[in-house]
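Asks: Structure: run-v9.tsv, TSV, C-alpha atoms.
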chain	number	residue	atom	x	y	z
P	27	MET	CA	217.09	-26.02	137.07
P	28	THR	CA	218.92	-22.80	137.83
P	29	TRP	CA	222.25	-21.40	136.72
P	30	PRO	CA	224.74	-18.69	137.76
P	31	LYS	CA	224.03	-15.07	136.90
P	32	VAL	CA	226.57	-13.81	134.38
P	33	GLU	CA	226.74	-10.25	133.10
P	34	VAL	CA	229.75	-8.70	131.37
P	35	ILE	CA	229.66	-4.94	130.80
P	36	LYS	CA	232.07	-3.00	128.60
P	37	ASP	CA	231.88	0.73	128.00
P	38	GLY	CA	228.46	0.83	129.62
P	39	ARG	CA	227.05	-1.90	127.35
P	40	VAL	CA	226.06	-5.46	128.28
P	41	VAL	CA	228.15	-7.69	126.00
P	42	VAL	CA	227.53	-11.11	127.63
P	43	LEU	CA	224.42	-12.18	129.53
P	44	ASP	CA	223.17	-15.46	130.91
P	45	GLY	CA	219.90	-16.61	129.42
P	46	PHE	CA	218.25	-19.33	127.38
P	47	THR	CA	218.38	-20.14	123.68
P	48	ILE	CA	216.38	-22.25	121.25
P	49	VAL	CA	218.13	-23.05	117.96
P	50	TYR	CA	216.85	-24.74	114.79
P	51	PHE	CA	218.89	-25.77	111.76
P	52	LEU	CA	216.56	-26.08	108.78
P	53	HIS	CA	216.94	-28.23	105.66
P	54	GLN	CA	214.61	-26.33	103.32
P	55	SER	CA	215.18	-23.38	101.00
P	56	HIS	CA	213.97	-19.97	102.07
P	57	HIS	CA	211.04	-19.80	99.65
P	58	LEU	CA	209.61	-22.95	101.26
P	59	LEU	CA	210.44	-21.76	104.77
P	60	ALA	CA	209.06	-18.23	104.59
P	61	SER	CA	205.53	-18.83	105.89
P	62	LYS	CA	206.82	-21.15	108.61
P	63	ILE	CA	209.33	-18.56	109.81
P	64	GLU	CA	206.56	-15.96	109.92
P	65	ARG	CA	204.50	-18.34	112.06
P	66	ALA	CA	207.48	-18.93	114.38
P	67	LEU	CA	208.20	-15.20	114.62
P	68	ARG	CA	204.62	-14.39	115.57
P	69	SER	CA	204.61	-17.25	118.11
P	70	TYR	CA	207.77	-15.86	119.70
P	71	LEU	CA	206.29	-12.36	119.95
P	72	ARG	CA	203.09	-13.72	121.51
P	73	LEU	CA	205.11	-15.63	124.10
P	74	VAL	CA	207.45	-12.83	125.17
P	75	GLY	CA	205.15	-9.87	124.46
P	76	GLU	CA	205.69	-7.45	121.59
P	77	ASP	CA	206.92	-4.75	123.99
P	78	SER	CA	209.93	-6.95	124.81
P	79	VAL	CA	211.28	-6.75	121.25
P	80	ARG	CA	211.62	-3.09	120.33
P	81	TYR	CA	214.01	-2.91	117.37
P	82	TYR	CA	214.87	-4.59	114.08
P	83	VAL	CA	217.89	-4.45	111.80
P	84	ASP	CA	217.03	-2.61	108.58
P	85	ASP	CA	218.34	-3.17	105.05
P	86	GLU	CA	221.35	-0.95	105.73
P	87	GLY	CA	222.34	-2.86	108.85
P	88	TYR	CA	221.15	-0.20	111.31
P	89	THR	CA	218.66	-0.66	114.12
P	90	ALA	CA	215.22	0.94	113.79
P	91	PRO	CA	212.14	0.99	116.06
P	92	LEU	CA	209.93	-2.06	115.62
P	93	THR	CA	206.45	-0.57	115.36
P	94	GLY	CA	203.47	-2.66	114.36
P	95	GLU	CA	203.63	-1.22	110.86
P	96	ALA	CA	207.37	-1.87	110.62
P	97	LEU	CA	206.83	-5.50	111.65
P	98	GLU	CA	204.23	-6.09	108.95
P	99	ASP	CA	206.44	-4.40	106.35
P	100	LEU	CA	209.39	-6.54	107.45
P	101	ILE	CA	207.37	-9.73	107.12
P	102	ALA	CA	206.01	-8.73	103.71
P	103	ASP	CA	209.45	-7.73	102.46
P	104	ARG	CA	211.66	-10.51	103.79
P	105	LEU	CA	209.34	-13.46	104.35
P	106	ALA	CA	207.74	-13.53	100.94
P	107	ALA	CA	207.79	-17.00	99.40
P	108	SER	CA	209.63	-16.16	96.16
P	109	GLU	CA	212.02	-18.61	94.54
P	110	GLU	CA	213.96	-15.64	93.18
P	111	SER	CA	214.73	-14.24	96.62
P	112	ALA	CA	218.29	-13.52	97.64
P	113	ASP	CA	219.70	-14.50	101.01
P	114	ILE	CA	217.33	-13.22	103.70
P	115	GLY	CA	218.04	-12.19	107.27
P	116	VAL	CA	215.61	-11.15	109.99
P	117	THR	CA	216.91	-9.79	113.29
P	118	LEU	CA	214.71	-8.45	116.08
P	119	LEU	CA	216.26	-7.02	119.24
P	120	GLY	CA	215.13	-6.05	122.70
P	121	SER	CA	217.76	-3.30	122.91
P	122	ASP	CA	219.91	-1.33	120.51
P	123	THR	CA	222.65	-0.70	123.06
P	124	GLY	CA	223.74	-4.24	124.00
P	125	VAL	CA	222.62	-7.80	124.61
P	126	SER	CA	219.09	-7.69	125.99
P	127	GLY	CA	218.04	-11.33	126.32
P	128	TYR	CA	215.08	-10.96	123.95
P	129	GLU	CA	216.20	-11.55	120.37
P	130	PHE	CA	214.95	-13.33	117.24
P	131	HIS	CA	217.35	-14.26	114.43
P	132	TYR	CA	216.73	-16.00	111.11
P	133	PHE	CA	218.86	-16.51	108.05
P	134	GLY	CA	217.57	-18.19	104.93
P	135	ALA	CA	218.98	-18.95	101.50
P	136	GLU	CA	218.11	-21.19	98.58
P	137	ILE	CA	219.82	-24.49	99.34
P	138	PRO	CA	221.97	-26.27	98.49
P	139	VAL	CA	224.50	-23.45	98.38
P	140	ASP	CA	227.13	-24.15	95.72
P	141	ASP	CA	230.20	-23.43	97.83
P	142	TRP	CA	228.71	-24.90	101.01
P	143	PRO	CA	226.76	-28.07	100.18
P	144	ASP	CA	226.23	-28.88	103.86
P	145	PHE	CA	224.95	-25.41	104.75
P	146	ARG	CA	221.68	-25.28	106.67
P	147	ASN	CA	219.39	-22.30	107.13
P	148	TYR	CA	218.87	-21.41	110.77
P	149	MET	CA	216.72	-19.63	113.32
P	150	TYR	CA	217.56	-18.94	116.94
P	151	LEU	CA	215.65	-17.30	119.76
P	152	TRP	CA	216.89	-15.75	122.99
P	153	PHE	CA	215.16	-15.42	126.33
P	154	PRO	CA	216.31	-13.74	129.58
P	155	SER	CA	216.81	-16.03	132.55
P	156	ALA	CA	214.16	-14.23	134.61
P	157	PHE	CA	211.57	-14.82	131.88
P	158	VAL	CA	212.36	-18.56	131.72
P	159	TYR	CA	212.17	-18.93	135.50
P	160	ARG	CA	208.86	-17.07	135.53
P	161	ILE	CA	207.03	-19.13	132.91
P	162	GLY	CA	208.75	-22.39	133.83
P	163	PHE	CA	210.73	-25.02	131.97
P	164	ASP	CA	207.65	-27.04	131.03
P	165	SER	CA	206.35	-24.01	129.15
P	166	MET	CA	209.69	-23.55	127.40
P	167	ARG	CA	209.75	-27.22	126.43
P	168	ARG	CA	206.22	-27.04	125.03
P	169	PHE	CA	207.03	-23.88	123.07
P	170	ALA	CA	210.25	-25.29	121.59
P	171	SER	CA	208.54	-28.58	120.73
P	172	GLU	CA	205.60	-26.81	119.09
P	173	LEU	CA	207.91	-24.92	116.75
P	174	ALA	CA	209.89	-28.08	115.97
P	175	ARG	CA	206.70	-29.84	114.87
P	176	PHE	CA	206.07	-27.51	111.93
P	177	LEU	CA	209.62	-26.44	111.06
P	178	PRO	CA	211.72	-28.70	108.77
P	179	VAL	CA	214.40	-29.23	111.42
P	180	SER	CA	217.53	-31.19	110.62
P	181	PHE	CA	218.75	-30.59	114.18
P	182	GLY	CA	217.62	-28.29	116.95
P	183	TYR	CA	218.14	-27.73	120.63
P	184	ALA	CA	217.21	-25.67	123.68
P	185	SER	CA	219.70	-24.83	126.41
P	186	PRO	CA	220.82	-22.37	129.05
P	187	ALA	CA	223.28	-20.11	127.25
P	188	LEU	CA	225.59	-17.17	127.46
P	189	LEU	CA	224.13	-14.62	125.08
P	190	TYR	CA	226.49	-12.36	123.15
P	191	HIS	CA	226.82	-10.52	119.85
P	192	HIS	CA	230.53	-10.17	119.08
P	193	GLU	CA	232.29	-10.91	122.37
P	194	ILE	CA	232.71	-14.67	121.97
P	195	GLY	CA	236.04	-14.46	123.78
P	196	GLU	CA	234.36	-13.00	126.85
P	197	ALA	CA	231.66	-15.68	126.66
P	198	THR	CA	234.07	-18.60	126.34
P	199	ARG	CA	236.13	-17.34	129.26
P	200	ARG	CA	233.03	-17.42	131.46
P	201	VAL	CA	231.90	-20.83	130.25
P	202	ARG	CA	235.20	-22.31	131.41
P	203	ARG	CA	234.21	-21.21	134.88
P	204	TYR	CA	230.56	-22.22	134.50
P	205	PRO	CA	230.39	-25.35	132.29
P	206	GLY	CA	226.97	-26.12	130.84
P	207	PHE	CA	226.19	-22.82	129.15
P	208	ASP	CA	225.83	-22.99	125.38
P	209	VAL	CA	228.10	-20.58	123.48
P	210	LEU	CA	227.67	-22.01	119.99
P	211	LEU	CA	228.26	-19.53	117.16
P	212	VAL	CA	225.22	-20.61	115.17
P	213	ARG	CA	226.08	-19.03	111.83
P	214	SER	CA	229.50	-20.70	111.75
P	215	VAL	CA	228.20	-24.17	112.61
P	216	ALA	CA	225.42	-23.82	110.02
P	217	MET	CA	228.01	-23.61	107.22
P	218	GLU	CA	229.01	-27.27	107.49
P	219	LEU	CA	226.43	-28.96	109.73
P	220	GLY	CA	224.62	-30.97	107.07
P	221	GLU	CA	222.58	-33.74	108.68
P	222	LYS	CA	224.74	-33.94	111.79
P	223	ALA	CA	224.00	-32.93	115.38
P	224	ALA	CA	225.65	-29.80	116.74
P	225	GLY	CA	226.07	-31.23	120.24
P	226	VAL	CA	224.23	-32.62	123.25
P	227	TYR	CA	221.80	-30.33	125.04
P	228	TRP	CA	219.06	-30.11	127.67
P	229	LEU	CA	216.52	-30.57	124.88
P	230	SER	CA	217.40	-31.84	121.39
P	231	PHE	CA	215.35	-32.23	118.21
P	232	LEU	CA	216.46	-34.78	115.63
P	233	GLY	CA	215.43	-34.43	112.01
P	234	PRO	CA	214.53	-37.41	109.80
P	235	ALA	CA	218.12	-38.18	108.75
P	236	LEU	CA	219.43	-38.14	112.32
P	237	THR	CA	216.49	-40.21	113.54
P	238	MET	CA	217.15	-42.83	110.86
P	239	ALA	CA	220.85	-42.84	111.73
P	240	CYS	CA	220.02	-43.71	115.34
P	241	GLY	CA	218.49	-47.02	114.18
P	242	ASP	CA	216.10	-49.16	116.15
P	243	TRP	CA	216.33	-49.09	119.92
P	244	ASN	CA	214.77	-51.61	122.24
P	245	PRO	CA	214.84	-50.90	125.98
For this file, produce the structure as structure tokens.
Replies:
Amino acid sequence: MTWPKVEVIKDGRVVVLDGFTIVYFLHQSHHLLASKIERALRSYLRLVGEDSVRYYVDDEGYTAPLTGEALEDLIADRLAASEESADIGVTLLGSDTGVSGYEFHYFGAEIPVDDWPDFRNYMYLWFPSAFVYRIGFDSMRRFASELARFLPVSFGYASPALLYHHEIGEATRRVRRYPGFDVLLVRSVAMELGEKAAGVYWLSFLGPALTMACGDWNP
């Protein structure tokens, strides 16, 4: 499998980039998820190499260098399994000047959320196309499946994608020309996903409710 190279640059910054994404919607509260997210985060860094992810978003919303000490502090601060925790976000970036291809994102809250009963916590990972081609799709499938085995996934998927931060308009314009790229805005879909599927993808993971809904199947 290969796909077209897409790169959109504005004001010297890459705002849309072709790549690969793995997304998990999670039906557990953050205090139950915390240790599992830490395990997933460390697995991601082992796969891509810690030098590939060089920044994190701090408590003030600014990017800061991701040193080894900063990583351990981030994990201790935001991935502590406390039932009193507020909404938690973890964002690691390969670049602080645009879309890099290497990114880790997690958002967790105590669920159910009063105003959004179908809200699901979520985690999504980005990979550059060159990295995926280099390690191969079998390796990506094994990695995504390994994480899905220990995460409480309601629905998850892996797919070629157009990676972007804020320029969804630029991404959707390109996907009209190159159908097949995922451009899902994960945080928006998570608000009302519940136990539904977010779409059909190259690789999909069905949680218990979705699996039960599929019923028995006899070839």
Asks: What does the structure give for the distance between CA of Gly233 (chain P) and CA of Phe51 (chain P), in Å to one decimal?
Replies: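 Calculated distance between CA of Gly233 (chain P) and CA of Phe51 (chain P) is 9.3 Å.
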Asks: Within 10 Å of Met217 (chain P), counting only C-alpha atoms, which residues show up once you throw out same-chain ones fewer than 2 positions away? Write them as a list in words, please.
Replies: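 Non-adjacent residues within range: Val139, Asp141, Trp142, Pro143, Asp144, Phe145, Arg146, Asn147, Val212, Arg213, Ser214, Val215, Leu219 and Gly220 of chain P.
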Asks: Show me, as a list of chain:residue names, the residues that have an atom within 12 Å of Arg167 (chain P) when counting all atoms listed in the file, minus same-chain residues fewer than 2 positions from it.
Replies: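 Residues meeting the cut-off are P:Phe46, P:Thr47, P:Ile48, P:Val158, P:Ile161, P:Gly162, P:Phe163, P:Asp164, P:Ser165, P:Phe169, P:Ala170, P:Ser171, P:Glu172, P:Leu173, P:Ala174, P:Tyr183, P:Ala184, P:Ser185, P:Trp228, P:Leu229, P:Ser230, P:Phe231.
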Asks: By how many Å are CA of Lys31 (chain P) and CA of Pro154 (chain P) apart?
Replies: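 Interatomic distance here is 10.7 Å.
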Asks: Return the single residue from P:Arg80, P:Arg200, P:Lys62, P:His131 that is closest to Asp44 (chain P), with distances computed using all atoms listed in the file.
Replies: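 Smallest distance to Asp44 (chain P) is found for P:Arg200.
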Asks: For CA of Val226 (chain P) and CA of Phe176 (chain P), determine how far apart the two atoms are, in Å to one decimal place.
Replies: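 Separating CA of Val226 (chain P) from CA of Phe176 (chain P) is a distance of 22.0 Å.
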Asks: Can you pull out every residue within 6 Å of region 111-125 of chain P, counting only C-alpha atoms, but drop anything in the same chain fewer than 5 positions away, and send it as a PyMOL selection string?
Replies: chain P and resi 39-41+78-83+130-135
Asks: Between P:Val32, P:Val179, P:Ala239, P:Ala106, which is the closest to Met149 (chain P) once you count all atoms listed in the file?
Replies: P:Val179
Asks: Restricting the calculation to all atoms listed in the file: of P:Asp84, P:Tyr50, P:Gly127, P:Tyr148, which residue gets closest to Arg175 (chain P)?
Replies: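 Closest to Arg175 (chain P) of all the choices is P:Tyr50.
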Asks: Which residue out of P:Met166, P:Ile101, P:Leu67, P:Ala187 has the minimum interatomic distance to Pro30 (chain P) when all atoms listed in the file are used?
Replies: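 Counting all atoms listed in the file, the residue closest to Pro30 (chain P) is P:Ala187.
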Asks: Taking N, CA and C atoms as the atom set, what does region 202-221 of chain P look like once completed, written as a PDB file, in the coordinates of the input?
Replies:
ATOM      1  N   ARG P 202     234.188 -21.459 130.770  1.00  0.00           N
ATOM      2  CA  ARG P 202     235.200 -22.310 131.410  1.00  0.00           C
ATOM      3  C   ARG P 202     234.978 -22.356 132.920  1.00  0.00           C
ATOM      4  N   ARG P 203     234.473 -21.258 133.453  1.00  0.00           N
ATOM      5  CA  ARG P 203     234.210 -21.210 134.880  1.00  0.00           C
ATOM      6  C   ARG P 203     232.852 -21.842 135.207  1.00  0.00           C
ATOM      7  N   TYR P 204     231.909 -21.700 134.282  1.00  0.00           N
ATOM      8  CA  TYR P 204     230.560 -22.220 134.500  1.00  0.00           C
ATOM      9  C   TYR P 204     230.190 -23.172 133.366  1.00  0.00           C
ATOM     10  N   PRO P 205     230.704 -24.406 133.371  1.00  0.00           N
ATOM     11  CA  PRO P 205     230.390 -25.350 132.290  1.00  0.00           C
ATOM     12  C   PRO P 205     228.873 -25.616 132.229  1.00  0.00           C
ATOM     13  N   GLY P 206     228.393 -25.840 131.032  1.00  0.00           N
ATOM     14  CA  GLY P 206     226.970 -26.120 130.840  1.00  0.00           C
ATOM     15  C   GLY P 206     226.246 -25.073 130.039  1.00  0.00           C
ATOM     16  N   PHE P 207     226.773 -23.856 129.998  1.00  0.00           N
ATOM     17  CA  PHE P 207     226.190 -22.820 129.150  1.00  0.00           C
ATOM     18  C   PHE P 207     226.532 -23.094 127.681  1.00  0.00           C
ATOM     19  N   ASP P 208     225.559 -22.917 126.814  1.00  0.00           N
ATOM     20  CA  ASP P 208     225.830 -22.990 125.380  1.00  0.00           C
ATOM     21  C   ASP P 208     226.444 -21.671 124.914  1.00  0.00           C
ATOM     22  N   VAL P 209     227.499 -21.771 124.090  1.00  0.00           N
ATOM     23  CA  VAL P 209     228.100 -20.580 123.480  1.00  0.00           C
ATOM     24  C   VAL P 209     228.296 -20.791 121.988  1.00  0.00           C
ATOM     25  N   LEU P 210     227.518 -21.688 121.399  1.00  0.00           N
ATOM     26  CA  LEU P 210     227.670 -22.010 119.990  1.00  0.00           C
ATOM     27  C   LEU P 210     227.491 -20.775 119.112  1.00  0.00           C
ATOM     28  N   LEU P 211     228.390 -20.584 118.167  1.00  0.00           N
ATOM     29  CA  LEU P 211     228.260 -19.530 117.160  1.00  0.00           C
ATOM     30  C   LEU P 211     227.453 -20.126 116.007  1.00  0.00           C
ATOM     31  N   VAL P 212     226.155 -19.895 116.030  1.00  0.00           N
ATOM     32  CA  VAL P 212     225.220 -20.610 115.170  1.00  0.00           C
ATOM     33  C   VAL P 212     225.576 -20.457 113.697  1.00  0.00           C
ATOM     34  N   ARG P 213     225.848 -19.242 113.253  1.00  0.00           N
ATOM     35  CA  ARG P 213     226.080 -19.030 111.830  1.00  0.00           C
ATOM     36  C   ARG P 213     227.306 -19.784 111.330  1.00  0.00           C
ATOM     37  N   SER P 214     228.312 -19.964 112.166  1.00  0.00           N
ATOM     38  CA  SER P 214     229.500 -20.700 111.750  1.00  0.00           C
ATOM     39  C   SER P 214     229.218 -22.191 111.648  1.00  0.00           C
ATOM     40  N   VAL P 215     228.528 -22.738 112.635  1.00  0.00           N
ATOM     41  CA  VAL P 215     228.200 -24.170 112.610  1.00  0.00           C
ATOM     42  C   VAL P 215     227.298 -24.502 111.438  1.00  0.00           C
ATOM     43  N   ALA P 216     226.367 -23.580 111.103  1.00  0.00           N
ATOM     44  CA  ALA P 216     225.420 -23.820 110.020  1.00  0.00           C
ATOM     45  C   ALA P 216     226.114 -24.039 108.679  1.00  0.00           C
ATOM     46  N   MET P 217     227.322 -23.521 108.499  1.00  0.00           N
ATOM     47  CA  MET P 217     228.010 -23.610 107.220  1.00  0.00           C
ATOM     48  C   MET P 217     228.313 -25.047 106.830  1.00  0.00           C
ATOM     49  N   GLU P 218     228.561 -25.911 107.812  1.00  0.00           N
ATOM     50  CA  GLU P 218     229.010 -27.270 107.490  1.00  0.00           C
ATOM     51  C   GLU P 218     228.261 -28.341 108.283  1.00  0.00           C
ATOM     52  N   LEU P 219     227.108 -28.004 108.848  1.00  0.00           N
ATOM     53  CA  LEU P 219     226.430 -28.960 109.730  1.00  0.00           C
ATOM     54  C   LEU P 219     225.847 -30.138 108.952  1.00  0.00           C
ATOM     55  N   GLY P 220     225.250 -29.894 107.803  1.00  0.00           N
ATOM     56  CA  GLY P 220     224.620 -30.970 107.070  1.00  0.00           C
ATOM     57  C   GLY P 220     223.547 -31.652 107.899  1.00  0.00           C
ATOM     58  N   GLU P 221     223.573 -32.971 107.907  1.00  0.00           N
ATOM     59  CA  GLU P 221     222.580 -33.740 108.680  1.00  0.00           C
ATOM     60  C   GLU P 221     223.150 -34.233 110.000  1.00  0.00           C
TER      61      GLU P 221
END
